[in-house]
Amino acid sequence: MWFMCMTAFGMLFLVDPTDLMDPNSSDSYNSDSFGSVGPVKYITGSLIAFSGIECCESFLASLMSKCVPSALAVGTFNSGLLATLVGTSGRAVGDLFITAMGLISIRHLLNLLIIPGLGLVLFSMFLLRRNYKSLAV
């Protein structure tokens, strides 16, 4: 839960409130505005969010190895292959989502990607908190 909070905190660094207040201000980057996401804020938020996501991934892999039935632990179609297929499918869907958001607005691409992602992280935190007893291994 702490690592998910760290991920959400890093993603909050990446939200650009200046684009939310006046989305039609210009077609270029608003570097002079207070609160805009500049290089330092972007790198800091990305590092914090990435660190939290990677820590969560290790816990999820450990949880999956304990919850997978023993029948899926042997043979060619084992849990490792299933994890690889799910990861590849997730990357493909993510690439399609980035492309769709870029077609909507390349100027506001950062907010179009981060705000739904932040919503998913917060929703995952809610589900984890709600089902904590059943997920305890």
# chains A, B, ... in the order shown; residues from 1 in each chain; ligands from 1
$ closest_atom_pairs --of "range 8-66 of chain A" --to "range 78-88 of chain A" --cutoff "9 Å" --atoms "only C-alpha atoms" --output "CSV"
residue,atom,partner,partner_atom,distance
A:Ala61,CA,A:Ala83,CA,8.5
A:Met64,CA,A:Ser79,CA,8.4
A:Ser65,CA,A:Ser79,CA,7.6
$ write_last_selection --atoms "N, CA, C and O atoms" --output "PDB file, in the first residue's frame"
ATOM      1  N   ALA A  61       4.325 -10.141  -8.303  1.00  0.00           N
ATOM      2  CA  ALA A  61       4.905 -11.383  -8.817  1.00  0.00           C
ATOM      3  C   ALA A  61       5.015 -12.421  -7.703  1.00  0.00           C
ATOM      4  O   ALA A  61       4.736 -13.604  -7.917  1.00  0.00           O
ATOM      5  N   MET A  64       1.474 -13.662  -6.976  1.00  0.00           N
ATOM      6  CA  MET A  64       0.984 -14.549  -8.023  1.00  0.00           C
ATOM      7  C   MET A  64       1.621 -15.932  -7.920  1.00  0.00           C
ATOM      8  O   MET A  64       0.957 -16.943  -8.138  1.00  0.00           O
ATOM      9  N   SER A  65       2.883 -16.007  -7.544  1.00  0.00           N
ATOM     10  CA  SER A  65       3.541 -17.311  -7.437  1.00  0.00           C
ATOM     11  C   SER A  65       2.938 -18.146  -6.307  1.00  0.00           C
ATOM     12  O   SER A  65       2.967 -19.367  -6.362  1.00  0.00           O
TER      13      SER A  65
END
$ closest_residue --among "A:Ala92, A:Met6, A:Val15, A:Gly75" --to "Glu54 in chain A" --atoms "only C-alpha atoms"
A:Met6
$ closest_residue --among "A:Cys67, A:Val121, A:Leu96, A:Val74" --to "Ser134 in chain A" --atoms "only C-alpha atoms"
A:Cys67
$ residues_around --residues "Trp2 in chain A" --least-positions-apart "2" --cutoff "10 Å" --atoms "only C-alpha atoms" --output "ChimeraX atom specification"
/A:4-8,52,55-56,125
$ select_by_dssp --residues "chain A" --states "helix (DSSP H, G or I)" --output "VMD selection string"
chain A and resid 2 to 14 17 to 21 39 to 67 70 to 73 79 to 104 109 to 130 132 to 135
$ residues_around --residues "Leu118 in chain A" --least-positions-apart "5" --cutoff "10 Å" --atoms "only C-alpha atoms" --output "JSON, numbers by chain"
{"A": [7, 8, 9, 10, 11, 12, 14, 15, 113, 123, 124]}
$ residues_around --residues "Asn111 in chain A" --least-positions-apart "6" --cutoff "10 Å" --atoms "only C-alpha atoms" --output "ChimeraX atom specification"
/A:14-17,19-20,101,117
